[in-house]
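Q: Right, I'll just put the structure down here and ask away after.
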Amino acid sequence: MKLQLHAIKSLPPRTARTLRVVGVLASVGAALALALALLTAIVLAVSWQRLPAVRELLAPAAQRPLRVYADDHVLLASFGSWRDPPLPAHSIPQALRTTVRASLHDAKPPETGLRALLGALFGRSQAQEAPLVRLARGFDAQRASGTPRALYALLLARRLQRALSADARLTLYVDGADFGTDVYGFAAAAQRYFGHPLAELTESQDALLAALAAAPRVLDPRREPQGALQLRHALLQRMRARGLLDAAHAAAADAAPLGLVAEPPRLAADAAAAMVRAAVLRRWGPQALRIGAVVTTTLSAPLQRAAQNALRTALMRYTLRQPWRGPQSYLRLDARPAAWPAQAARACADDTDSLRCAVVLRASPREVQVMRDDGTLLRLRGASLQQVAALGLGAQAQPGLALRPGAVVRLWQRHDRSWVITQAPRLRGALVAIDSSSGAVRALATGFDAAAVDAVRQPRQSGAAYAPFLYSAALGKGLQPSSIVDDAPLQLDAVIGERNWNPRNADGSYAGPITLRRAFAQARNVPAVRVLGAIGAEFARRWSARFGFDASQQPPYLTLALGTGRATPLQMARAYAVVANGGFLLQPYLIAAVQRDDGRVLAAPLPQRAGDPARRTIDAANAAEVAAMLHDAARHLVGSSTPVAAFGGGTDGAHGDWFCGWRDGLVTVAWVGYLNGLRLSGPDPHPARALWQDFMRSAQATTARPAAAADPRSAAPH
C-alpha cells in the first residue's frame with residue numbers, strides 16, 4: 001500500500017488526481033452493487049416466503065364471470081374469467097395427455113437466472129414466456145401483495161417445477177393453462193372454442209388447444225386463424241417425428257378445419273355494461289366477478305341496436321365531411337405475402353365491430369388494396385376513397401397523411417354495404433332512451449371506443465335543451481303560454497365578468513311582442529332571457545331540481561336562460577320524462593335482476609312508477625302545458641304531424657348539440673359534440689336532430705318484444 005501511495009505521489013499531480021477519483025468511483029460502484037445485490041436477495045427471499053403453498057394451487061376454486069344481458073337474454077358483456085373445477089387425473093383423456101406432453105417437450109423452461117429475476121423484478125417481461133410461467137400468472141397474484149406480478153409468476157413457476165412430479169405438473173397445467181382470453185384450463189377452452197367436453201375432442205382439436213396453450217405468445221384462433229393453423233401444424237409434425245402419431249392420422253388432423261364454434265353475438269352496450277359492473281362491485285365486491293352472477297338489464301336489444309347504429313351513423317356522417325388526418329399508424333410489411341394476414345391481425349388487435357381496421361397493401365390515386373384483420377382483401381375505388389383522395393393519395397400527399405403499403409387505416413361500411421376509408425371520429429355522442437312511466441333505461445348508446453363512454457357519464461352544457469324547464473318555471477311563477485314577451489334587442493349591464501352582455505337570437509332577427517308559446521317553439525334567445533329576468537334566476541335554478549337537475553350545476557345568472565347549466569344525457573332524459581309522464585320524477589334504473597348460476601336471486605329492484613303521489617314534483621297542468629309547447633316545437637323543428645314532443649339546439653360556443661323528446665312514452669335524448677374545444681361546423685351544425693329522428697324512426701318500426709332464447713345461466717364460456 002505504501003509503495004502504491006508512493007507511486008501515486010510520484011506521478012504528475014493531474015494524473016494522481018485522476019487516479020484518486022477513479023478509485024473513489026470504483027469504491028462507490030462496488031458498494032452500490034453490493035447494496036443492490038443485498039436488496040435483491042431480500043426481495044427474493046420475502047417474495048418466496050409469500051408464495052402460496054403448492055397444495056393450495058392443486059385445487060383452485062371454480063370461477064364464473066359476471067355476465068350482463070339485455071332483457072331478452074342477448075349478451076352485452078362478460079367480466080371475469082372461466083375456470084372449471086379441477087379434473088381428476090384419471091379423467092384427462094390419454095390422447096390429450098400425449099398431445100400436451102408433446103407440446104411441452106420443446107417448450108421454453110422457466111428461466112431462473114439473474115437476468116430473468118432482475119427483469120421480472122423491474123417489470124421487464126420475457127418476450128417468450130415459458131408455459132409454466134404463464135400457468136403461474138393465472139393464479140391469484142393478490143396472494144403475493146407487494147410482489148411484482150412478473151416476479152411472482154417466475155418464482156411460483158420455479159416452486160411448481162421443484163415440488164411436483166411431471167404427471168402432477170401436467171394435471172395442474174391441463175386444469176389451469178392460460179389461454180389469454182379470460183379462459184383458464186383445457187376444459188373451459190374446449191367449451192369456448194368447440195362447444196364440447198374434453199372427452200369428445202378430436203386429435204386435431206387436442207393439438208390446437210395444446211399448441212395454443214404452449215405458444216410463446218397469446219393467440220386467439222378466431223382472430224388469427226392462419227397463426228393457429230401454423231401452430232397446430234408444427235405440433236402435429238413434431239408428434240409424427242417422435243412416433244406419437246402415424247403419418248395417416250397426422251395428415252388427417254392437419255387437414256381438418258379449425259372447427260371453431262361461432263361466438264354468440266354481443267350487443268354493443270359499453271356504457272351500460274360499465275355502469276352495471278360498477279354497481280355490482282359496489283354492492284358485492286370483487287367476488288361478484290367470480291361467482292357467476294348474471295345481471296338482466298332493462299335494455300331492449302332491438303332498441304339498443306337501433307340506438308347504436310343510429311349514433312355511429314351520425315358520427316361517421318359528420319366525420320366523413322372532415323379533412324383527412326392521416327393513417328392511425330404505419331408498419332413495415334413483411335417481404336413474404338404469406339405473413340401479411342398475421343401482421344394485419346396484430347396491427348388490428350383493437351378492431352371494433354363497426355369501424356373496422358385494415359392494413360394498406362398497395363395504393364395509387366385510382367385504387368387502394370387493403371387487408372382486414374381476418375385476412376380479407378378489399379379493392380377500393382371511387383367513392384370509397386372520397387376522404388383520402390385529396391390529401392392521402394398521389395404525388396401531393398404529405399408524409400404523415402399518405403396512404404402507402406403498411407398504413408393502418410379504418411374502414412366504415414355504408415348502408416349500401418360498400419366500404420370507405422376513413423378515420424376514428426373526434427366527435428363524441430350519446431343516445432339515451434327511457435320508459436317515462438317507470439324510468440327503465442331501454443337504450444344507452446355511445447360511440448366506437450371505450451373513451452366514448454365518457455359522453456354519457458360526464459355533465460355537458462345543457463344549451464337549448466334546457467328551455468322547457470325554464471318555461472315550466474315561468475308557468476310555476478304564474479305566467480301563461482299566451483303571456484306576451486318582447487322579442488327586441490336587449491343589452492344588460494355588466495353583472496357577469498367585466499363586459500356588458502347582449503344576447504341575440506340565433507338568426508339575428510327580432511319578432512317584437514310575441515307569446516311565450518311562439519317564443520319557445522321558435523327557440524328565440526332574447527325572450528327566454530327576458531322571461532328568466534322576470535321570474536328570477538335563483539327561482540329557476542331551484543325549480544330545475546324538480547326535474548332531477550343538480551342545482552349546483554345551474555348558475556344563478558341570466559345566462560341560465562341559454563342553457564349554461566350542465567347535465568348528463570341520462571339526467572336530461574329523466575327531466576324530459578317528468579313532462580312526458582305528467583309530473584312525476586322517477587329514478588332511471590338499468591338493473592332489472594341479479595341472480596347466480598344456480599338460479600338464486602341476489603337482487604330484484606322494484607322500480608318507481610308514474611302515478612305515485614310521492615313522486616310528483618310538478619302539477620299535472622304545468623306538465624300538460626309544457627308538453628303542448630313541445631308538440632308545437634316538434635312541428636316547427638322536425639315538421640312532424642305525428643304525436644311527437646321534441647326540442648333541442650346547440651350550446652354556447654357550438655361545442656355540442658342536443659335534441660330531446662318522446663313518442664309513445666319512450667323519452668329519447670341525443671347529444672353530439674366535441675370534448676376538446678372544437679366547434680360543430682359545416683353543412684350540418686345540428687347533427688343531434690338527425691340522430692334523434694333516425695333512432696325514433698327505427699324505434700317505431702321495431703317491435704321490442706323479448707325474443708325466445710336459452711337461459712343465460714346455461715351459457716358456455718365465451
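Labeling convention for the C-alpha cells: chains A, B, ... as they appear, residues from 1 per chain, ligands from 1 in order of appearance.
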Identify, with DSSP run on backbone atoms, the residues in range 295-535 of chain A assigned to strand (DSSP E or B), and express the list as a count of residues only.

A: 60

Q: Compile a residue-level contact table for range 244-350 of chain A against range 183-201 of chain A at a cut-off of 7 Å, reporting for every qualifying residue the shortest atom pair and its distance in Å to one decimal, with only C-alpha atoms counted, rows ordered by chain and ascending number, as JSON lines.

A:
{"residue": "A:Gly259", "atom": "CA", "partner": "A:Phe194", "partner_atom": "CA", "distance": 6.9}
{"residue": "A:Leu260", "atom": "CA", "partner": "A:Tyr193", "partner_atom": "CA", "distance": 5.2}
{"residue": "A:Val261", "atom": "CA", "partner": "A:Phe194", "partner_atom": "CA", "distance": 5.3}

Q: Go ahead and write the residues just picked, N, CA, C and O atoms, as a PDB file, in the first residue's frame.

A:
ATOM      1  N   GLY A 259     -62.632 -25.726 -37.081  1.00  0.00           N
ATOM      2  CA  GLY A 259     -63.883 -26.206 -36.489  1.00  0.00           C
ATOM      3  C   GLY A 259     -64.322 -25.435 -35.260  1.00  0.00           C
ATOM      4  O   GLY A 259     -64.922 -26.007 -34.339  1.00  0.00           O
ATOM      5  N   LEU A 260     -64.039 -24.125 -35.229  1.00  0.00           N
ATOM      6  CA  LEU A 260     -64.400 -23.313 -34.065  1.00  0.00           C
ATOM      7  C   LEU A 260     -65.890 -22.992 -34.093  1.00  0.00           C
ATOM      8  O   LEU A 260     -66.455 -22.669 -35.146  1.00  0.00           O
ATOM      9  N   VAL A 261     -66.522 -23.071 -32.945  1.00  0.00           N
ATOM     10  CA  VAL A 261     -67.921 -22.657 -32.861  1.00  0.00           C
ATOM     11  C   VAL A 261     -67.973 -21.133 -32.884  1.00  0.00           C
ATOM     12  O   VAL A 261     -67.070 -20.455 -32.390  1.00  0.00           O
TER      13      VAL A 261
END

Q: Report the distance between CA of Leu444 in chain A and CA of Arg426 in chain A in Å, rounded to one decimal place.

A: 19.7 Å

Q: Give me the residues of range 243-332 of chain A that have any atom at most 12 Å from an atom of range 93-102 of chain A; for each, the nearest atom pair and the distance in Å, rounded to one decimal. Use only C-alpha atoms, sort by chain and number, and format it as a Markdown table.

A:
| residue | atom | partner | partner_atom | distance |
| --- | --- | --- | --- | --- |
| A:Gly243 | CA | A:Ala102 | CA | 10.7 |
| A:Leu244 | CA | A:Thr98 | CA | 7.7 |
| A:Leu245 | CA | A:Thr99 | CA | 9.6 |
| A:Ala250 | CA | A:Thr99 | CA | 11.8 |

Q: Excluding Ala593 in chain A and its own-chain neighbours fewer than 3 positions away, which residues fall within 12 Å of it when counting only C-alpha atoms? Please give them as a PDB file with C-alpha atoms, in the first residue's frame.

A:
ATOM      1  CA  ARG A  67     -72.435 -11.747 -17.322  1.00  0.00           C
ATOM      2  CA  VAL A  68     -74.664  -8.872 -18.376  1.00  0.00           C
ATOM      3  CA  TYR A  69     -77.709  -9.386 -20.613  1.00  0.00           C
ATOM      4  CA  ALA A  70     -80.422  -7.330 -22.237  1.00  0.00           C
ATOM      5  CA  ASP A  71     -83.980  -8.013 -21.093  1.00  0.00           C
ATOM      6  CA  VAL A 276     -73.691  -2.392 -14.321  1.00  0.00           C
ATOM      7  CA  VAL A 280     -72.382  -4.788  -8.847  1.00  0.00           C
ATOM      8  CA  ALA A 293     -73.513 -13.571 -11.255  1.00  0.00           C
ATOM      9  CA  VAL A 294     -75.996 -12.979 -14.088  1.00  0.00           C
ATOM     10  CA  VAL A 295     -77.405  -9.475 -14.485  1.00  0.00           C
ATOM     11  CA  THR A 296     -80.518  -8.888 -16.548  1.00  0.00           C
ATOM     12  CA  THR A 297     -80.795  -5.260 -17.561  1.00  0.00           C
ATOM     13  CA  THR A 298     -83.757  -3.202 -18.708  1.00  0.00           C
ATOM     14  CA  TYR A 589     -82.702   2.241 -13.438  1.00  0.00           C
ATOM     15  CA  LEU A 590     -80.720  -0.199 -15.540  1.00  0.00           C
ATOM     16  CA  ARG A 596     -76.417 -16.655  -9.601  1.00  0.00           C
ATOM     17  CA  GLY A 599     -80.878 -19.505 -10.095  1.00  0.00           C
ATOM     18  CA  ARG A 600     -80.735 -17.947  -6.639  1.00  0.00           C
ATOM     19  CA  VAL A 601     -81.885 -14.320  -6.885  1.00  0.00           C
ATOM     20  CA  LEU A 602     -79.471 -11.842  -5.345  1.00  0.00           C
ATOM     21  CA  ALA A 603     -81.443  -8.691  -6.094  1.00  0.00           C
ATOM     22  CA  ALA A 604     -84.597  -7.654  -7.938  1.00  0.00           C
ATOM     23  CA  PRO A 605     -85.083  -3.895  -7.561  1.00  0.00           C
ATOM     24  CA  LEU A 606     -88.614  -2.534  -7.541  1.00  0.00           C
ATOM     25  CA  PRO A 607     -88.931   0.391  -9.973  1.00  0.00           C
TER      26      PRO A 607
END
